[in-house]
Amino acid sequence: MTDPSSSERPKAKSVKPLRALGPFLRPYRWVLVAGMVALLLASGAMLALPVALKGLIDKGMTVGDAATINGYFIAFLGVAALFGLFAAMRFYIVTWLGERVVADLRTAVYRRVIRMDPSFFEVTRTGEVLSRLTTDTTLVQSIAGVGLSIALRSSINLVGSLVLLAFTSLKLLALILIAIPVVIVPLITLGRKLRKLSRASQDRIADSSGLAGETLNAIQTVQAFTLEELHSKRFGAAVEESFDVAVTRTKVRAWLTAVATVLVFGAITLVLWFGAHQVLSGKMTAGELGQFLLLAVYAGTAAASLSEMWSEVQRAAGAMERLVELQQAEPAIRAPDHPVALPPSVGAGRIEFDQVTFRYPSRPAQTALDQFSLSIAPGETVAFVGPSGAGKSTTFQLLLRFYDPGSGRVLVDGVDIAQADPEQVRQRIGLVPQDTVLFGATARENIRYGRPDATDAEIEAAAVAAAADGFIRALPQGYDTFLGERGTRLSGGQRQRIAIARAILKNPPILLLDEATSSLDAESEQLVQAALEKLMHSRTTIIIAHRLATVLEADRIVVVDHGRIVASGTHEQLLEQSPLYARLAALQFADIAQTLSTTEEPVAAV
């Protein structure tokens with residue numbers, strides 16, 4: 001999928017994108033039918049008012065009988081009451097329907113977006129997605145609910161008024177029909193321009209939202225580098241650009257409204273002038289003129305309302321087109337039609353990389369893994385070491401099936417994960433990332449993400465094992481303390497221990513540790529390391545780490561460079577056999593200095 005904010009994205013040329021609302025309206029078709037019935041009854045009562053007015057003028061006013069006049073006024077009031085009742089029913093039903101449809105639409109789009117693979121988010125800004133879920137759905141809501149009702153009501157009133165006008169005076173109706181093209185053509189022309197400006201305005205709003213979201217998610221970095229003013233100016237420029245487009249759109253819309261009002265009521269005034277002369281010549285009664293006058297007002301109001309709603313429909317069509325892009329987006333990583341089931345998890349944990357070559361979609365010229373082959377036995381602990389960019393983290397990305405290799409296979413328990421359901425694969429893997437991600441929830445809920453059905457006792461036991469119980473209980477509300485967005489109320493080491501507790505709670509057969517103790521102080525690291533050793537027992541573990549203690553505990557150390565395995569063995573073996581490992585050890589592990597100085601071979605000089 002291309003960047004949704006790109007100017008090359010296809011533009012909506014009609015209201016056809018609104019057809020995509022069909023599947024969301026279908027489950028509530030009986031509600032829609034009820035709304036239509038209420039709408040028809042309300043419109044019928046409304047159109048009956050001019051007929052009642054004609055009878056009141058031509059018959060009630062001429063008989064001179066108070067009882068007859070009272071009867072006509074009561075009838076007129078009764079029709080008005082029916083109109084108010086059915087109009088209220090129509091408003092409630094269509095408003096409920098609009099809210100319900102948009103809620104389902106938001107849920108469907110979010111459900112699709114949250115399942116998209118990382119390559120989608122490499123080219124799609126989070127702010128753009130949020131704008132579509134909020135601003136665009138609000139525009140669609142106005143059409144799916146009240147806007148649709150207004151459009152249908154105005155259409156029925158316009159048609160009904162024209163039919164009744166024909167029965168009242170064909171000559172006057174002929175004048176109205178002649179005036180219609182004069183009114184419609186300018187409205188269509190201005191409407192097309194408004195649609196383009198509406199789409200541009202929505203894009204500018206999305207750009208400013210994306211910029212704000214990106215900045216606020218890195219607020220500490222912004223403030224640390226004193227970039228507040230720079231980003232304020234950038235956001236201000238984006239907002240001003242959005243404002244300029246919005247002002248232009250508003251001007252066009254204002255002109256559209258003005259032109260529609262002048263043309264519609266100008267035509268009605270001309271027709272009524274002709275009608276007044278018909279009454280003077282005795283060809284029409286006063287009641288018929290009153291009926292015609294009210295019907296003409298209905299027709300003019302309906303036509304003006306339709307012209308106004310047409311611009312709303314066009315904006316909603318542009319918004320729906322953007323939502324459809326997300327709702328129809330297909331992730332590159334998804335379960336095959338007939339996924340291969342993984343064997344029972346008991347005794348599971350075998351991992352194999354078979355001649356894997358991979359390039360990130362955003363960096364197609366750079367090979368991240370090159371003919372990478374490695375077998376890891378169930379229960380084995382393997383540590384990956386190597387310089388930055390060697391491909392260590394890429395192995396995690398492929399194992400979690402965030403990407404598929406360009407060639408070769410990644411197997412879990414003998415099954416090519418490309419042939420399996422990604423969710424089933426990920427259920428077998430526990431991850432403790434280097435950059436811990438906490439959610440805007442309580443400490444308890446953040447740990448519970450490891451296993452949503454876990455009990456409070458199991459959550460607290462996992463926290464104890466991760467050396468997190470002490471500081472959690474010291475929080476103002478203990479485990480029920482809100483941790484702030486992205487866990488801002490905790491230190492880096494505390495956030496890391498929450499992540500470790502989450503992995504402990506999940507209790508998976510495969511464990512991935514990406515610098516799992518990198519943010520801990522010496523005392524916390526010792527506690528967590530002991531917990532990790534218990535966690536790693538009897539399960540397959542892959543470690544990306546630079547800390548000596550973690551490396552020494554591994555069954556095997558794999559040295560990776562430029563996407564290839566260049567050496568493999570124990571710590572002592574690699575010190576002798578791998579110059580790259582010896583150099584990394586000397587640079588990154590302070591505790592190895594004494595070992596290097598006492599080694600008989602001149603390893604330190606390598």
# chains A, B, ... in the order shown; residues from 1 in each chain; ligands from 1

$ select_by_dssp --residues "range 354-475 of chain A" --states "alpha helix (DSSP H)" --output "mmCIF file with N, CA and C atoms, in the first residue's frame"
data_model
loop_
_atom_site.group_PDB
_atom_site.id
_atom_site.type_symbol
_atom_site.label_atom_id
_atom_site.label_comp_id
_atom_site.auth_asym_id
_atom_site.auth_seq_id
_atom_site.Cartn_x
_atom_site.Cartn_y
_atom_site.Cartn_z
ATOM 1 N N LYS A 392 21.227 -9.140 13.887
ATOM 2 C CA LYS A 392 20.756 -9.875 15.075
ATOM 3 C C LYS A 392 19.269 -9.654 15.308
ATOM 4 N N SER A 393 18.853 -8.409 15.358
ATOM 5 C CA SER A 393 17.434 -8.120 15.610
ATOM 6 C C SER A 393 16.548 -8.581 14.449
ATOM 7 N N THR A 394 17.109 -8.657 13.268
ATOM 8 C CA THR A 394 16.337 -9.122 12.117
ATOM 9 C C THR A 394 15.877 -10.553 12.315
ATOM 10 N N THR A 395 16.700 -11.368 12.983
ATOM 11 C CA THR A 395 16.290 -12.749 13.241
ATOM 12 C C THR A 395 15.026 -12.774 14.094
ATOM 13 N N PHE A 396 14.915 -11.864 15.037
ATOM 14 C CA PHE A 396 13.711 -11.780 15.863
ATOM 15 C C PHE A 396 12.514 -11.357 15.016
ATOM 16 N N GLN A 397 12.728 -10.377 14.131
ATOM 17 C CA GLN A 397 11.651 -9.892 13.272
ATOM 18 C C GLN A 397 11.091 -11.018 12.396
ATOM 19 N N LEU A 398 11.978 -11.857 11.884
ATOM 20 C CA LEU A 398 11.543 -12.962 11.028
ATOM 21 C C LEU A 398 10.918 -14.080 11.853
ATOM 22 N N LEU A 399 11.486 -14.355 13.017
ATOM 23 C CA LEU A 399 10.956 -15.422 13.856
ATOM 24 C C LEU A 399 9.541 -15.090 14.345
ATOM 25 N N PRO A 422 0.152 -16.804 11.751
ATOM 26 C CA PRO A 422 1.092 -15.986 12.538
ATOM 27 C C PRO A 422 0.714 -15.882 14.013
ATOM 28 N N GLU A 423 -0.568 -15.846 14.317
ATOM 29 C CA GLU A 423 -0.985 -15.735 15.714
ATOM 30 C C GLU A 423 -0.576 -16.975 16.502
ATOM 31 N N GLN A 424 -0.694 -18.156 15.892
ATOM 32 C CA GLN A 424 -0.299 -19.374 16.578
ATOM 33 C C GLN A 424 1.201 -19.398 16.823
ATOM 34 N N VAL A 425 1.960 -18.900 15.836
ATOM 35 C CA VAL A 425 3.417 -18.842 15.986
ATOM 36 C C VAL A 425 3.789 -17.903 17.130
ATOM 37 N N ARG A 426 3.181 -16.724 17.151
ATOM 38 C CA ARG A 426 3.530 -15.717 18.157
ATOM 39 C C ARG A 426 3.074 -16.115 19.554
ATOM 40 N N GLN A 427 2.043 -16.959 19.639
ATOM 41 C CA GLN A 427 1.614 -17.430 20.950
ATOM 42 C C GLN A 427 2.684 -18.280 21.621
ATOM 43 N N ALA A 443 -0.380 -0.917 36.397
ATOM 44 C CA ALA A 443 0.714 -1.888 36.407
ATOM 45 C C ALA A 443 0.162 -3.301 36.233
ATOM 46 N N ARG A 444 -0.950 -3.576 36.882
ATOM 47 C CA ARG A 444 -1.540 -4.904 36.783
ATOM 48 C C ARG A 444 -1.934 -5.229 35.342
ATOM 49 N N GLU A 445 -2.610 -4.276 34.699
ATOM 50 C CA GLU A 445 -3.059 -4.515 33.333
ATOM 51 C C GLU A 445 -1.887 -4.618 32.361
ATOM 52 N N ASN A 446 -0.827 -3.864 32.595
ATOM 53 C CA ASN A 446 0.339 -3.952 31.712
ATOM 54 C C ASN A 446 0.986 -5.326 31.797
ATOM 55 N N ILE A 447 1.046 -5.899 32.984
ATOM 56 C CA ILE A 447 1.596 -7.261 33.106
ATOM 57 C C ILE A 447 0.622 -8.271 32.511
ATOM 58 N N ARG A 448 -0.672 -8.020 32.688
ATOM 59 C CA ARG A 448 -1.696 -8.955 32.206
ATOM 60 C C ARG A 448 -1.666 -9.102 30.686
ATOM 61 N N ASP A 456 -5.157 -12.325 39.298
ATOM 62 C CA ASP A 456 -4.348 -11.331 40.000
ATOM 63 C C ASP A 456 -3.170 -11.996 40.712
ATOM 64 N N ALA A 457 -3.411 -13.174 41.273
ATOM 65 C CA ALA A 457 -2.343 -13.882 41.975
ATOM 66 C C ALA A 457 -1.220 -14.263 41.013
ATOM 67 N N GLU A 458 -1.558 -14.707 39.820
ATOM 68 C CA GLU A 458 -0.545 -15.075 38.829
ATOM 69 C C GLU A 458 0.229 -13.844 38.373
ATOM 70 N N ILE A 459 -0.455 -12.715 38.240
ATOM 71 C CA ILE A 459 0.211 -11.472 37.843
ATOM 72 C C ILE A 459 1.226 -11.060 38.902
ATOM 73 N N GLU A 460 0.822 -11.117 40.160
ATOM 74 C CA GLU A 460 1.716 -10.714 41.231
ATOM 75 C C GLU A 460 2.885 -11.682 41.377
ATOM 76 N N ALA A 461 2.638 -12.971 41.121
ATOM 77 C CA ALA A 461 3.731 -13.951 41.165
ATOM 78 C C ALA A 461 4.748 -13.666 40.063
ATOM 79 N N ALA A 462 4.279 -13.282 38.871
ATOM 80 C CA ALA A 462 5.189 -12.935 37.774
ATOM 81 C C ALA A 462 5.994 -11.696 38.128
ATOM 82 N N ALA A 463 5.360 -10.721 38.768
ATOM 83 C CA ALA A 463 6.076 -9.515 39.179
ATOM 84 C C ALA A 463 7.149 -9.840 40.204
ATOM 85 N N VAL A 464 6.842 -10.734 41.145
ATOM 86 C CA VAL A 464 7.845 -11.144 42.131
ATOM 87 C C VAL A 464 9.037 -11.790 41.434
ATOM 88 N N ALA A 465 8.764 -12.665 40.461
ATOM 89 C CA ALA A 465 9.836 -13.348 39.743
ATOM 90 C C ALA A 465 10.684 -12.375 38.941
ATOM 91 N N ASP A 469 7.890 -6.637 42.048
ATOM 92 C CA ASP A 469 6.838 -6.539 43.068
ATOM 93 C C ASP A 469 7.109 -5.409 44.057
ATOM 94 N N GLY A 470 8.363 -5.239 44.456
ATOM 95 C CA GLY A 470 8.701 -4.241 45.467
ATOM 96 C C GLY A 470 8.353 -2.834 45.052
ATOM 97 N N PHE A 471 8.803 -2.409 43.868
ATOM 98 C CA PHE A 471 8.540 -1.027 43.471
ATOM 99 C C PHE A 471 7.087 -0.831 43.065
ATOM 100 N N ILE A 472 6.416 -1.898 42.592
ATOM 101 C CA ILE A 472 5.000 -1.748 42.236
ATOM 102 C C ILE A 472 4.168 -1.496 43.491
ATOM 103 N N ARG A 473 4.443 -2.255 44.551
ATOM 104 C CA ARG A 473 3.676 -2.071 45.789
ATOM 105 C C ARG A 473 3.966 -0.709 46.426
#

$ select_by_dssp --residues "range 375-458 of chain A" --states "strand (DSSP E)" --output "PyMOL selection string"
chain A and resi 375-376+381-385+407-412+415-416+429-432

$ atom_distance --atom1 "CA of Arg495 in chain A" --atom2 "CA of Leu475 in chain A"
13.3 Å

$ closest_residue --among "A:Ala365, A:Ile74, A:Leu295, A:Ala42" --to "Val163 in chain A" --atoms "only C-alpha atoms"
A:Leu295

$ closest_residue --among "A:Ile542, A:Val412, A:Ala246, A:Leu575" --to "Ala200 in chain A" --atoms "only C-alpha atoms"
A:Ala246
